[in-house]
Amino acid sequence: MVFIGGNKRVKNTRGVYPLLKGMSSHKLPTTTSAAENSDLIVYVNGKLVQRNDASISVWDHGLLYGDGVFEGIRAYNGVVFKLKEHVDRLYESAHYIRLKIPMSKEQMSEAVLETLRENKLQNAYIRLLVTRGVGDLGLNPMNCSNPSIVIITEPTNSGEDPISKPVGVSAIISSIRRDPVDATSHEVKSLNYLNSILARWEAIDAGVNDAIMLDTQGFVSEATAENIFIVAKGQLATPSIDSAILHGVTRQRVIEIAEDLGYVISERRITPFELINAEEVFMTGTLAEIVPILKVNGRNIGPGKVGPVTARIFGEFTKIRTKTNEGTPIYSNQGKSGEIRAPLQEKSLTKI
Ligand SMILES: Cc1ncc(COP(=O)(O)O)c(C=O)c1O
């Protein structure tokens with residue numbers, strides 16, 4: 001028997017960080033409770049199935065070898081934030097690992113929207129993954145003919161929830177390095193997240209919230225599932241692509257926000273010394289959104305409080321994330337009555 005997902009629904013706390021001592025509490029975006037999630041529908045290879053029936057083969061090379069690619073995406077108030085950018089990145093990752101996705105980008109985007117509609121979701125976290133597909137126990141990808149495509153959508157709270165202040169977290173610098181370009185490449189969002197997982201274990205062992213990884217040269221790269229920004233001498237900087245980062249969708253939008261707000265921002269190499277002596281540090285990611293880092297390796301960042309630049313960018317991000325022009329509407333009646341389109345009666349999409 002294969003167990004994928006879970007029968008029991010526990011409150012999902014991914015991306016939600018315990019507060020640093022002494023900080024005021026508020027809600028970060030989370031997924032909702034067991035009762036609300038028990039009837040979720042999952043897209044598996046062109047079919048919409050009940051969550052407990054959502055499964056793929058144990059001979060799938062996504063499971064056997066981590067051979068596949070994925071995306072994590074958010075929808076806010078009926079709009080999938082930067083859907084096009086995520087789908088583009090998915091196809092670029094797939095192209096790099098020579099995985100031919102058997103549907104067009106438009107069909108993939110529509111499958112995401114259809115899964116959201118089927119679940120009547122307006123605010124959601126979306127996990128989209130494509131594996132090499134079923135093969136034999138050998139590594140040879142040529143023996144896998146049909147990629148498996150899975151789309152999981154879970155409710156999150158509304159992008160309109162009043163979040164006045166960002167919550168700060170603590171981090172360590174991990175001993176685990178990000179993948180270099182001549183290994184599996186940091187630019188591929190692949191199903192192999194072992195370096196992030198090992199780094200996260202170091203954070204857990206150290207009793208902090210997250211781990212910052214360096215590139216193989218020792219420059220700051222990124223956190224386990226987030227990009228990093230620093231504020232130093234009033235100017236913003238974020239590690240450039242030659243520091244083993246993933247091309248973060250949120251990172252790109254935050255760069256644009258910073259520019260629009262008139263900040264000087266550069267993409268460049270950042271040393272651990274600069275990171276620890278920065279006035280402010282924050283991380284960005286689809287699920288985490290914008291999270292200030294207030295302590296690294298036991299040293300306070302600046303005064304150890306959320307800084308003004310981070311707070312301003314956070315505020316701006318929470319304003320733009322719900323805007324229609326930031327993504328793709330899920331429902332055709334978007335913005336009219338606010339009602340959600342009735343779910344499909346037919347539990348099957350066109351077979352790909
Ligand atoms: C390793 C890594 N870096 C950065 C990010 C942030 O990317 P995005 O803003 O596109 O979510 C992620 C997101 O999953 C990630 O896994």
# chains A, B, ... in the order shown; residues from 1 in each chain; ligands from 1
>>> residues_around(residues="Ser243 of chain A", least_positions_apart="2", cutoff="10 Å", atoms="only C-alpha atoms", output="CSV table (one decimal) with N, CA and C atoms, in the first residue's frame")
chain,number,residue,atom,x,y,z
A,178,ARG,N,24.9,25.4,-1.2
A,178,ARG,CA,23.9,25.2,-2.3
A,178,ARG,C,24.6,24.5,-3.5
A,179,ASP,N,23.8,23.9,-4.4
A,179,ASP,CA,24.4,23.2,-5.5
A,179,ASP,C,25.1,24.1,-6.5
A,180,PRO,N,26.3,23.8,-6.9
A,180,PRO,CA,26.9,24.6,-7.9
A,180,PRO,C,26.4,24.3,-9.3
A,181,VAL,N,26.7,25.2,-10.2
A,181,VAL,CA,26.1,25.1,-11.6
A,181,VAL,C,26.6,23.8,-12.3
A,186,HIS,N,21.7,25.0,-9.0
A,186,HIS,CA,20.8,25.7,-8.1
A,186,HIS,C,19.6,26.3,-8.8
A,214,LEU,N,25.4,28.9,2.1
A,214,LEU,CA,26.4,29.7,1.3
A,214,LEU,C,26.6,28.9,0.0
A,215,ASP,N,27.2,29.7,-1.0
A,215,ASP,CA,27.6,28.9,-2.2
A,215,ASP,C,28.9,28.3,-2.0
A,216,THR,N,29.5,27.6,-3.0
A,216,THR,CA,30.7,26.8,-2.8
A,216,THR,C,31.9,27.7,-2.5
A,217,GLN,N,31.8,29.0,-2.9
A,217,GLN,CA,32.9,29.9,-2.6
A,217,GLN,C,32.8,30.6,-1.2
A,218,GLY,N,31.7,30.3,-0.5
A,218,GLY,CA,31.5,30.9,0.8
A,218,GLY,C,30.7,32.2,0.9
A,219,PHE,N,30.1,32.6,-0.3
A,219,PHE,CA,29.3,33.8,-0.3
A,219,PHE,C,27.8,33.4,0.1
A,220,VAL,N,27.1,34.3,0.6
A,220,VAL,CA,25.7,34.1,1.0
A,220,VAL,C,24.9,33.7,-0.2
A,221,SER,N,24.1,32.6,-0.1
A,221,SER,CA,23.3,32.2,-1.2
A,221,SER,C,21.8,32.5,-0.8
A,222,GLU,N,21.2,31.6,-0.1
A,222,GLU,CA,19.8,31.8,0.3
A,222,GLU,C,19.4,30.9,1.5
A,238,THR,N,20.9,41.8,-2.7
A,238,THR,CA,20.5,40.4,-2.7
A,238,THR,C,21.5,39.6,-3.5
A,239,PRO,N,21.8,38.4,-3.1
A,239,PRO,CA,22.8,37.6,-3.8
A,239,PRO,C,22.4,37.5,-5.3
A,240,SER,N,23.4,37.6,-6.1
A,240,SER,CA,23.2,37.5,-7.5
A,240,SER,C,23.2,36.0,-8.0
A,241,ILE,N,22.9,35.8,-9.2
A,241,ILE,CA,22.7,34.4,-9.7
A,241,ILE,C,23.9,33.6,-9.6
A,245,ILE,N,21.8,30.8,-6.2
A,245,ILE,CA,20.4,31.0,-5.8
A,245,ILE,C,19.4,30.4,-6.8
A,246,LEU,N,18.2,30.2,-6.3
A,246,LEU,CA,17.0,29.9,-7.2
A,246,LEU,C,16.5,31.3,-7.7
A,267,GLU,N,22.1,43.5,-7.1
A,267,GLU,CA,22.3,42.0,-7.1
A,267,GLU,C,23.8,41.8,-7.2
A,268,ARG,N,24.3,41.2,-6.1
A,268,ARG,CA,25.8,41.1,-6.1
A,268,ARG,C,26.2,40.0,-5.1
A,269,ARG,N,27.4,39.7,-5.0
A,269,ARG,CA,27.9,38.7,-4.0
A,269,ARG,C,27.9,39.4,-2.6
A,270,ILE,N,27.5,38.6,-1.6
A,270,ILE,CA,27.4,39.1,-0.2
A,270,ILE,C,28.2,38.2,0.7
>>> select_by_dssp(residues="segment 25-149 of chain A", states="strand (DSSP E or B)", output="ChimeraX atom specification")
/A:31,41-44,47-50,60,68-76,79-81,124-131,134,148-149
>>> closest_residue(among="A:Leu116, A:Ile152, A:Val80, A:Val188", to="Val42 of chain A", atoms="only C-alpha atoms")
A:Ile152
>>> closest_residue(among="A:Glu259, A:Glu280, A:Asp67, A:Leu83", to="Thr184 of chain A", atoms="only C-alpha atoms")
A:Asp67
>>> residues_near_ligand(ligand="ligand 1", cutoff="6 Å", atoms="only C-alpha atoms and all ligand atoms", output="number ranges by chain")
A: 72, 224-227, 246, 248-251, 284-286
>>> closest_residue(among="A:Thr328, A:Ser57, A:Asn297, A:Ser196", to="Pro272 of chain A", atoms="only C-alpha atoms")
A:Asn297
>>> residues_around(residues="Gly298 of chain A", least_positions_apart="4", cutoff="12 Å", atoms="only C-alpha atoms", output="PyMOL selection string")
chain A and resi 169-173+206-208+276+293-294+304
>>> atom_distance(atom1="atom CA of Glu289 of chain A", atom2="atom CA of Pro308 of chain A")
16.9 Å
>>> atom_distance(atom1="atom CA of Tyr91 of chain A", atom2="atom CA of Gly62 of chain A")
16.1 Å
>>> closest_atom_pairs(of="segment 28-123 of chain A", to="segment 311-323 of chain A", cutoff="12 Å", atoms="only C-alpha atoms", output="tab-separated table")
residue	atom	partner	partner_atom	distance
A:Leu28	CA	A:Thr318	CA	11.4
A:Pro29	CA	A:Thr318	CA	11.0
A:Arg74	CA	A:Arg321	CA	9.4
A:Ala75	CA	A:Thr322	CA	8.3
A:Tyr76	CA	A:Thr322	CA	5.3
A:Asn77	CA	A:Thr322	CA	6.1
A:Gly78	CA	A:Thr322	CA	8.3
A:Val79	CA	A:Thr322	CA	7.0
A:Val80	CA	A:Thr322	CA	8.9
A:Phe81	CA	A:Arg321	CA	6.8
A:Lys82	CA	A:Arg321	CA	9.3
A:Gln122	CA	A:Thr322	CA	10.7
A:Asn123	CA	A:Thr322	CA	9.7
>>> write_last_selection(atoms="N, CA and C atoms", output="compact mmCIF listing (two decimals), in the first residue's frame")
# COMPACT_ATOMS: atom_id res chain seq x y z
N LEU A 28 0.36 34.82 10.43
CA LEU A 28 0.96 34.76 9.10
C LEU A 28 0.03 33.91 8.24
N PRO A 29 0.11 34.01 6.92
CA PRO A 29 -0.76 33.18 6.10
C PRO A 29 -0.54 31.71 6.39
N ARG A 74 1.02 30.69 -4.96
CA ARG A 74 -0.06 31.15 -4.08
C ARG A 74 -1.18 31.80 -4.89
N ALA A 75 -2.39 31.64 -4.40
CA ALA A 75 -3.51 32.41 -4.95
C ALA A 75 -4.05 33.30 -3.84
N TYR A 76 -4.32 34.53 -4.19
CA TYR A 76 -4.86 35.50 -3.23
C TYR A 76 -6.16 36.05 -3.79
N ASN A 77 -7.21 35.92 -3.05
CA ASN A 77 -8.50 36.52 -3.43
C ASN A 77 -8.89 36.24 -4.88
N GLY A 78 -8.73 35.01 -5.30
CA GLY A 78 -9.19 34.62 -6.63
C GLY A 78 -8.22 34.89 -7.75
N VAL A 79 -6.99 35.30 -7.42
CA VAL A 79 -5.99 35.54 -8.45
C VAL A 79 -4.73 34.72 -8.12
N VAL A 80 -4.27 33.95 -9.09
CA VAL A 80 -3.04 33.18 -8.85
C VAL A 80 -1.85 34.10 -9.09
N PHE A 81 -1.16 34.40 -8.01
CA PHE A 81 -0.05 35.36 -8.04
C PHE A 81 1.08 34.83 -8.94
N LYS A 82 1.39 35.60 -9.98
CA LYS A 82 2.52 35.30 -10.88
C LYS A 82 2.46 33.87 -11.45
N GLN A 122 -10.24 30.37 -3.41
CA GLN A 122 -9.83 31.71 -3.84
C GLN A 122 -8.46 32.06 -3.27
N ASN A 123 -8.20 31.54 -2.05
CA ASN A 123 -6.91 31.77 -1.39
C ASN A 123 -6.30 30.40 -1.16
>>> select_by_dssp(residues="segment 184-321 of chain A", states="helix (DSSP H, G or I)", output="number ranges by chain")
A: 194-206, 241-243, 249-260, 272-276, 308-320
>>> write_last_selection(atoms="N, CA and C atoms", output="CSV table (one decimal), in the first residue's frame")
chain,number,residue,atom,x,y,z
A,194,LEU,N,17.4,17.8,-0.8
A,194,LEU,CA,18.2,17.3,0.3
A,194,LEU,C,19.1,18.3,0.9
A,195,ASN,N,19.7,19.2,0.1
A,195,ASN,CA,20.6,20.2,0.8
A,195,ASN,C,19.8,21.1,1.7
A,196,SER,N,18.6,21.5,1.2
A,196,SER,CA,17.8,22.4,2.1
A,196,SER,C,17.3,21.6,3.3
A,197,ILE,N,17.0,20.3,3.1
A,197,ILE,CA,16.5,19.5,4.3
A,197,ILE,C,17.6,19.3,5.3
A,198,LEU,N,18.9,19.0,4.8
A,198,LEU,CA,20.0,18.9,5.7
A,198,LEU,C,20.3,20.2,6.5
A,199,ALA,N,20.2,21.3,5.7
A,199,ALA,CA,20.4,22.6,6.4
A,199,ALA,C,19.3,22.9,7.4
A,200,ARG,N,18.0,22.5,7.1
A,200,ARG,CA,16.9,22.7,8.0
A,200,ARG,C,17.2,21.9,9.3
A,201,TRP,N,17.7,20.7,9.1
A,201,TRP,CA,18.1,19.9,10.3
A,201,TRP,C,19.0,20.6,11.2
A,202,GLU,N,20.0,21.3,10.6
A,202,GLU,CA,21.0,22.0,11.4
A,202,GLU,C,20.3,23.2,12.2
A,203,ALA,N,19.3,23.8,11.5
A,203,ALA,CA,18.5,24.9,12.2
A,203,ALA,C,17.8,24.3,13.3
A,204,ILE,N,17.1,23.2,13.1
A,204,ILE,CA,16.3,22.5,14.2
A,204,ILE,C,17.3,22.2,15.3
A,205,ASP,N,18.4,21.6,15.0
A,205,ASP,CA,19.4,21.2,16.1
A,205,ASP,C,19.8,22.5,16.9
A,206,ALA,N,20.0,23.6,16.1
A,206,ALA,CA,20.5,24.8,16.8
A,206,ALA,C,19.3,25.6,17.5
A,241,ILE,N,22.9,35.8,-9.2
A,241,ILE,CA,22.7,34.4,-9.7
A,241,ILE,C,23.9,33.6,-9.6
A,242,ASP,N,25.1,34.3,-9.6
A,242,ASP,CA,26.3,33.5,-9.4
A,242,ASP,C,26.6,33.1,-8.0
A,243,SER,N,25.6,33.3,-7.1
A,243,SER,CA,25.8,32.8,-5.7
A,243,SER,C,24.8,31.7,-5.4
A,249,VAL,N,10.6,33.9,-7.6
A,249,VAL,CA,9.6,34.8,-8.2
A,249,VAL,C,9.3,36.0,-7.2
A,250,THR,N,9.2,35.7,-5.9
A,250,THR,CA,9.0,36.8,-5.0
A,250,THR,C,10.2,37.7,-4.9
A,251,ARG,N,11.4,37.1,-5.0
A,251,ARG,CA,12.6,37.9,-5.0
A,251,ARG,C,12.5,39.0,-6.2
A,252,GLN,N,12.1,38.5,-7.3
A,252,GLN,CA,12.1,39.4,-8.5
A,252,GLN,C,11.0,40.6,-8.2
A,253,ARG,N,9.9,40.2,-7.7
A,253,ARG,CA,8.9,41.2,-7.4
A,253,ARG,C,9.3,42.2,-6.3
A,254,VAL,N,10.0,41.6,-5.4
A,254,VAL,CA,10.5,42.5,-4.3
A,254,VAL,C,11.6,43.5,-4.8
A,255,ILE,N,12.4,43.0,-5.7
A,255,ILE,CA,13.4,43.9,-6.4
A,255,ILE,C,12.6,45.1,-7.0
A,256,GLU,N,11.6,44.8,-7.8
A,256,GLU,CA,10.8,45.8,-8.5
A,256,GLU,C,10.1,46.7,-7.4
A,257,ILE,N,9.6,46.2,-6.4
A,257,ILE,CA,9.0,47.0,-5.3
A,257,ILE,C,10.0,48.0,-4.8
A,258,ALA,N,11.2,47.4,-4.5
A,258,ALA,CA,12.2,48.3,-3.9
A,258,ALA,C,12.6,49.4,-4.8
A,259,GLU,N,12.7,49.1,-6.1
A,259,GLU,CA,13.1,50.1,-7.1
A,259,GLU,C,12.0,51.2,-7.1
A,260,ASP,N,10.7,50.7,-7.2
A,260,ASP,CA,9.6,51.6,-7.2
A,260,ASP,C,9.5,52.6,-6.0
A,272,PRO,N,29.4,36.5,4.4
A,272,PRO,CA,28.7,36.3,5.7
A,272,PRO,C,29.0,37.5,6.7
A,273,PHE,N,30.1,38.1,6.6
A,273,PHE,CA,30.4,39.3,7.4
A,273,PHE,C,29.4,40.4,7.1
A,274,GLU,N,29.2,40.7,5.8
A,274,GLU,CA,28.2,41.7,5.5
A,274,GLU,C,26.8,41.4,6.0
A,275,LEU,N,26.5,40.1,5.9
A,275,LEU,CA,25.1,39.6,6.4
A,275,LEU,C,25.0,39.9,7.8
A,276,ILE,N,26.0,39.5,8.6
A,276,ILE,CA,25.9,39.6,10.1
A,276,ILE,C,25.9,41.1,10.5
A,308,PRO,N,13.0,49.5,9.3
A,308,PRO,CA,12.0,50.3,8.6
A,308,PRO,C,11.9,49.9,7.1
A,309,VAL,N,13.0,49.5,6.5
A,309,VAL,CA,13.0,49.1,5.1
A,309,VAL,C,12.2,47.8,4.9
A,310,THR,N,12.5,46.9,5.7
A,310,THR,CA,11.8,45.6,5.7
A,310,THR,C,10.3,45.8,5.8
A,311,ALA,N,9.9,46.7,6.8
A,311,ALA,CA,8.5,46.9,7.1
A,311,ALA,C,7.8,47.6,6.0
A,312,ARG,N,8.6,48.5,5.3
A,312,ARG,CA,8.0,49.2,4.2
A,312,ARG,C,7.7,48.3,3.0
A,313,ILE,N,8.7,47.5,2.7
A,313,ILE,CA,8.6,46.5,1.6
A,313,ILE,C,7.5,45.5,1.9
A,314,PHE,N,7.5,45.0,3.1
A,314,PHE,CA,6.5,44.1,3.6
A,314,PHE,C,5.1,44.7,3.3
A,315,GLY,N,4.9,46.0,3.8
A,315,GLY,CA,3.6,46.6,3.6
A,315,GLY,C,3.2,46.8,2.2
A,316,GLU,N,4.2,47.1,1.3
A,316,GLU,CA,3.9,47.2,-0.1
A,316,GLU,C,3.5,45.9,-0.7
A,317,PHE,N,4.2,44.8,-0.3
A,317,PHE,CA,4.0,43.5,-0.9
A,317,PHE,C,2.6,43.1,-0.5
A,318,THR,N,2.2,43.3,0.8
A,318,THR,CA,0.8,42.9,1.2
A,318,THR,C,-0.3,43.7,0.4
A,319,LYS,N,0.1,44.9,-0.1
A,319,LYS,CA,-0.9,45.7,-0.9
A,319,LYS,C,-1.0,45.1,-2.3
A,320,ILE,N,0.2,44.8,-2.9
A,320,ILE,CA,0.1,44.4,-4.3
A,320,ILE,C,-0.3,42.9,-4.5
>>> closest_residue(among="A:Asp210, A:Glu279, A:Glu71, A:Glu110", to="Gly307 of chain A", atoms="only C-alpha atoms")
A:Glu279
>>> closest_residue(among="A:Pro102, A:Val296, A:Phe70, A:Glu118", to="Gln50 of chain A", atoms="only C-alpha atoms")
A:Glu118
>>> closest_residue(among="A:Gly168, A:Val58, A:Gly327, A:Lys47", to="Asn300 of chain A", atoms="only C-alpha atoms")
A:Gly168
>>> atom_distance(atom1="atom CA of Leu40 of chain A", atom2="atom CA of Tyr331 of chain A")
18.1 Å
